[in-house]
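Okay, so here's the structure we're looking at.
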Amino acid sequence: MAYGVISDETSHERLSVRVAGIVQGVGFRPFVYTLAQRLHLHGHVGNDTEGVFIEAEGPRPALDAFLSALDLERPPLAVIDSLTALPLPVTGRPGFVIVASDASGPPAAQVSPDAATCEACLAETTGGGGRRQGYAFTNCTHCGPRFTIVRDVPYDRPNTTMAAFTMCEDCAKEYADPTDRRFHAQPVCCPACGPRLRLVGMDGRTLLGDHTDPIAATARLLRSGAIVAVKGLGGYHLAVDATHPEAAARLRAGKHREDKPFALMVTDVAEAAGIAEVEPAAARLLRHPARPIVLLPRRGRNPAHRIADAVAPGCRELGVMLPYTPLHQLLLGTVVRPLVMTSGNLSDEPIAYRDDDALARLAGIADVALTHDRPIHMRTDDSVARIVRGAPMLLRRSRGYVPRALRLPWALRRPVLGCGAALKNTFCLARGQYATLSHHIGDLENARTHGSYADGIAHLERLLGITPELVAHDLHPDYLSTAYALERDGVETVGVQHHHAHIASCLAEHGVQQAVIGVAFDGLGYGDDGTLWGGEILVADLAAYARVGHLEAVPMPGGAAAVREPWRMALSYLDRLGGDLPVLPLVARQALRWRPVREAARRGVNSPPTSSAGRLFDAVAALLDLRDEVTYEGQAAVDLEQIAERGDVTGYQARVGEDPVLTLHGTDLVRAVVADRLDGVPVPLVAARFHAGLADLVVSACALVRERHGLDTVALSGGVFQNTLLLNRTVDRLLATGFRVLTHSQVPPNDGGISLGQATVAAARDR
């Protein structure tokens with residue numbers, strides 16, 4: 001950010017000030033108005049399609065104080081990316097006013113993410129005694145819906161889904177008063193004029209009389225074991241009492257979600273600490289205005305609430321979030337128990353957000369729906385994060401963070417769209433020096449999700465005023481995101497290798513342009529040689545990369561079946577070891593299928609080779625009898641991490657072959673796992689030794705790359721590095737060996753960050 005004043009005159013001067021960033025819908029204009037009044041300045045402030053424009057006139061010291069305070073005293077949700085000031089002729093006109101928005105010109109202003117209820121609005125809602133007490137839609141310029149209700153820019157009420165609600169006299173007074181915190185709060189409303197709650201059956205019929213409180217009635221139903229579809233900011237949740245075993249089990253069966261844990265919502269940090277371990281950094285993240293789901297270590301002894309086993313079966317962590325709307329706060333305060341708040345969908349479908357669609361799709365799961373008449377314009381899932389090394393790591397960047405742009409280390413020559421991957425899909429739009437990563441779309445495996453993907457791109461292009469000229473896509477020919485890119489007319493398409501995109505996303509997040517050693521560990525990605533990669537050591541910058549090392553490739557018996565059935569990868573690694581087949585429970589369990597699958601793999605029948613780190617984790621999990629089959633992506637690796645003994649252990653030793661590229665011998669790790677398994681070493685210790693051995697193997701490979709290429713910075717990316725045990729050991733050993741280490745924080749290390757990497761690679765090549 002930079003600003004400057006040209007003249008040194010002590011008489012009155014007039015400045016044209018332009019502010020860019022998140023400065024619309026966050027109370028910035030009334031803040032400027034109040035600040036100008038305080039400093040006795042004259043002029044005006046307004047919104048346009050680029051941000052906020054100001055003309056300010058007064059003595060030079062007052063103008064300097066004004067420019068400084070714009071940044072230092074800005075409203076809580078405002079983010080200033082640039083602030084410039086240029087001299088204008090003095091007019092001598094007295095007074096300072098807020099002028100009408102200027103909607104001419106192409107959109108370039110950033111839209112604010114949705115923000116959790118602020119303390120002032122919460123106090124009004126839960127105990128203020130005023131007209132908004134008990135009102136589920138209380139908001140102001142410091143909080144409330146933004147991205148999920150905006151249809152167009154500038155961010156003014158007619159361009160939101162609040163356009164249909166005519167403000168009452170009291171709300172209109174607040175909206176028009178520059179000294180009120182609801183001045184130009186576009187979703188401002190109250191019980192007299194705003195959205196209203198309804199409790200309805202899944203056929204849409206209202207279940208209550210006019211004088212019955214929907215919140216109280218819903219709370220009674222939840223306590224009795226009902227499943228309730230609850231309309232939130234970005235879509236519907238499916239809610240049950242998290243302490244009610246039958247309700248949680250019924251919800252799991254209804255969603256066809258066998259094992260993947262449900263998210264929980266609790267009233268406050270104190271209640272979260274009753275069921276999970278909450279370190280100070282986690283408490284701050286729970287309270288963040290984005291209100292993400294935060295993964296927390298489960299509290300083992302005498303928890304304040306007995307969470308039903310079906311909520312997070314076998315998990316050492318719980319996904320916990322705090323209420324982020326008055327509706328949630330009122331509901332939690334009435335139920336007085338933790339609630340499951342999981343996305344309102346069947347597994348693998350996008351979250352339901354339109355009322356008629358939600359009632360139709362969720363009718364087979366929910367008993368009733370707590371809904372309202374404020375439309376959601378853009379569906380947006382909850383964000384997911386965890387604390388790693390004392391700082392947040394986003395695993396799913398969505399509600400509360402989107403559409404906040406990331407600043408790139410240089411200005412793009414042409415606008416770019418990154419189309420993302422197939423799993424955990426996001427897309428990315430970039431122009432100038434900013435890249436906007438989309439909300440979480442999900443897995444592009446069905447028509448509903450693909451439709452949501454295309455709609456989301458069209459909406460964000462319109463909102464940001466970006467028409468891409470470059471469209472970047474994955475190399476995999478069968479990805480729906482690749483097909484989308486190749487079907488767009490009038491654009492130049494750029495194929496970007498999957499693991500290069502992973503490393504580029506990490507570099508873009510850190511603003512690094514120079515070459516680094518990139519370690520990209522994930523499940524699968526299409527290599528430029530047509531094989532399936534996933535355990536890669538690259539020398540890469542934003543424009544180019546070279547594959548200088550990788551985990552040794554082994555067959556994937558059955559192709560995609562090996563992803564669903566980790567025992568197949570255990571078979572592949574055991575077969576690579578050769579010799580007599582060890583007497584292991586896994587071999588006995590799969591005795592009937594072992595020989596035909598092994599023979600097919602040996603002949604190369606539907607058994608593509610892969611260097612995937614994720615598949616190595618699968619093999620070890622199966623060898624340790626943790627899981628022969630999975631019900632969601634990465635489940636076996638999660639089990640392996642969770643069961644591993646904590647503390648510093650000696651890792652298994654593994655070789656790094658040095659010619660012609662580095663080959664990291666994962667078979668050495670598997671051999672050691674089998675030996676310890678046969679010797680009766682406890683499974684948690686074996687799992688810990690495997691994690692430590694793999695981390696040490698990565699460090700050894702990076703040291704060899706440093707010798708060859710003279711690079712001392714390592715970027716770690718890919719979904720495998722969501723594993724905190726592996727990540728911490730790897731980072732610690734790299735730092736001890738003298739490396740600078742880049743890891744993800746604001747961009748997911750998994751495929752949710754791929755689109756940012758694609759966009760930056762395409763833009764770097766375009767320079």
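Chain identifiers are assigned as A, B, and so on, following the order in which chains appear in the structure tokens; residues are numbered from 1 within each chain, and ligands are numbered from 1 in order of appearance.
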
Contacts of Asn47 of chain A at 12 Å (only C-alpha atoms; same-chain gap of 2+ positions) as number ranges by chain: A: 18-30, 32, 44-45, 49-54, 98-104, 107-110, 153-156, 184

Spatial neighbours of Ala622 of chain A, max dist 6 Å, only C-alpha atoms, sep filter under 4 positions, as an MDAnalysis selection string: chainID A and resid 566:567 626:628

Within 10 Å of Ala688 of chain A using only C-alpha atoms, minus same-chain residues under 6 positions, as a PyMOL selection string: chain A and resi 640-652+725-726

Distance criterion (only C-alpha atoms): nearest to Leu77 of chain A out of A:Val554, A:Ala290, A:Met162, A:Ala242: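 Among the listed residues, A:Ala290 lies closest to Leu77 of chain A.
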
Closest of A:Pro392, A:Gly432, A:Pro214, A:Gly234 to Ala411 of chain A - atom-to-atom distances counting only C-alpha atoms: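 Nearest to Ala411 of chain A: A:Gly432.
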
Selected residue, from A:Thr724, A:Gln746, A:Thr482, A:Thr218, that lies nearest to Val496 of chain A when counting only C-alpha atoms: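 Smallest separation from Val496 of chain A among the options: A:Thr482.
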
All residues 12 Å or closer to Leu694 of chain A, only C-alpha atoms, same chain fewer than 2 positions away omitted, as an MDAnalysis selection string: chainID A and resid 521 535 551 613:614 616:617 620 650:656 664:670 672:673 687:692 696:701 720:721 725:730 733

Backbone DSSP call of helix (DSSP H, G or I) for segment 94-179 of chain A, listed as a PyMOL selection string: chain A and resi 119-127+157-159+169-176

Please dump the current selection as an mmCIF file, in the first residue's frame; keep C-alpha atoms.
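Full text of part39.cif as output:
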```
data_model
loop_
_atom_site.group_PDB
_atom_site.id
_atom_site.type_symbol
_atom_site.label_atom_id
_atom_site.label_comp_id
_atom_site.auth_asym_id
_atom_site.auth_seq_id
_atom_site.Cartn_x
_atom_site.Cartn_y
_atom_site.Cartn_z
ATOM 1 C CA GLU A 119 -20.644 -8.800 19.322
ATOM 2 C CA ALA A 120 -22.936 -5.768 19.112
ATOM 3 C CA CYS A 121 -25.512 -7.556 16.956
ATOM 4 C CA LEU A 122 -25.248 -10.672 19.076
ATOM 5 C CA ALA A 123 -25.978 -8.646 22.200
ATOM 6 C CA GLU A 124 -29.051 -7.135 20.531
ATOM 7 C CA THR A 125 -30.271 -10.545 19.432
ATOM 8 C CA THR A 126 -29.800 -12.480 22.637
ATOM 9 C CA GLY A 127 -30.505 -9.948 25.345
ATOM 10 C CA ARG A 157 -29.155 -3.451 -1.746
ATOM 11 C CA PRO A 158 -30.838 -3.625 -5.195
ATOM 12 C CA ASN A 159 -28.019 -5.937 -6.312
ATOM 13 C CA GLU A 169 -39.124 3.401 8.860
ATOM 14 C CA ASP A 170 -36.794 2.470 11.731
ATOM 15 C CA CYS A 171 -34.431 0.457 9.528
ATOM 16 C CA ALA A 172 -34.473 3.177 6.876
ATOM 17 C CA LYS A 173 -33.380 5.730 9.485
ATOM 18 C CA GLU A 174 -30.458 3.517 10.532
ATOM 19 C CA TYR A 175 -29.542 2.895 6.899
ATOM 20 C CA ALA A 176 -29.472 6.635 6.119
#
```

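The coordinates place atom CA of Ser112 of chain A at 9.1 Å from atom CA of Val79 of chain A.
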
Pick out the residues sitting within 8 Å of Ile387 of chain A, and hand them over as a CSV table (one decimal) with N, CA and C atoms, in the first residue's frame; count only C-alpha atoms, and ignore anything fewer than 6 positions along from it in its own chain.
```csv
chain,number,residue,atom,x,y,z
A,281,ALA,N,-4.3,-20.7,19.8
A,281,ALA,CA,-4.4,-20.5,18.4
A,281,ALA,C,-5.7,-21.0,17.8
A,282,ALA,N,-6.1,-22.2,18.3
A,282,ALA,CA,-7.4,-22.8,17.8
A,282,ALA,C,-8.6,-22.0,18.3
A,294,VAL,N,-13.1,-26.2,12.6
A,294,VAL,CA,-11.7,-26.3,13.1
A,294,VAL,C,-11.6,-27.8,13.6
A,295,LEU,N,-10.6,-28.5,13.1
A,295,LEU,CA,-10.3,-29.8,13.5
A,295,LEU,C,-9.5,-29.7,14.8
A,393,MET,N,-4.1,-23.7,9.0
A,393,MET,CA,-4.0,-24.2,7.7
A,393,MET,C,-5.4,-24.5,7.2
```

Coordinates-based distance that separates atom CA of Lys260 of chain A from atom CA of Val388 of chain A (Å, one decimal):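 These atoms are spaced 21.5 Å apart.
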
Which residues, written as a compact mmCIF listing (two decimals) with C-alpha atoms, in the first residue's frame, have at least one atom at most 12 Å from Ser745 of chain A, with only C-alpha atoms counted and residues fewer than 4 positions away on the same chain left out?
```txt
# COMPACT_ATOMS: atom_id res chain seq x y z
CA VAL A 384 -12.44 -26.27 7.19
CA ALA A 385 -9.13 -25.54 8.91
CA ARG A 386 -6.73 -26.84 11.52
CA ILE A 387 -3.84 -25.42 13.51
CA VAL A 388 -0.42 -26.53 12.31
CA ARG A 389 2.74 -25.31 14.00
CA GLY A 390 0.77 -22.60 15.77
CA ALA A 391 -0.85 -21.18 12.62
CA PRO A 392 -4.04 -21.90 10.66
CA MET A 393 -3.98 -24.24 7.68
CA LEU A 394 -7.06 -24.09 5.48
CA LEU A 395 -8.15 -27.50 4.23
CA ARG A 396 -11.29 -26.18 2.53
CA ARG A 397 -11.40 -22.48 1.67
CA SER A 505 -0.01 -22.57 -5.55
CA CYS A 506 2.38 -22.68 -2.58
CA LEU A 507 4.76 -20.24 -4.28
CA ALA A 508 1.89 -17.88 -5.17
CA GLU A 509 0.63 -17.91 -1.60
CA HIS A 510 4.07 -16.86 -0.38
CA LEU A 716 5.68 -28.74 0.46
CA SER A 717 2.30 -29.23 -1.19
CA PHE A 721 0.88 -32.84 3.61
CA GLN A 722 -2.42 -32.28 5.42
CA PRO A 749 -2.46 -27.99 0.20
CA ASN A 750 -4.91 -30.46 -1.36
CA GLY A 753 -5.43 -25.13 -4.26
```

Those of segment 263-510 of chain A in DSSP strand (DSSP E), formatted as a PyMOL selection string: chain A and resi 263-265+293-297+317-321+339-343+368-372+384-388+391-396+406-407+416-418+428-431+434-437+470-474+492-496

Which of A:Asp259, A:Glu658, A:Asp180, A:Asp48 sits closest to Glu552 of chain A [using only C-alpha atoms]: A:Glu658
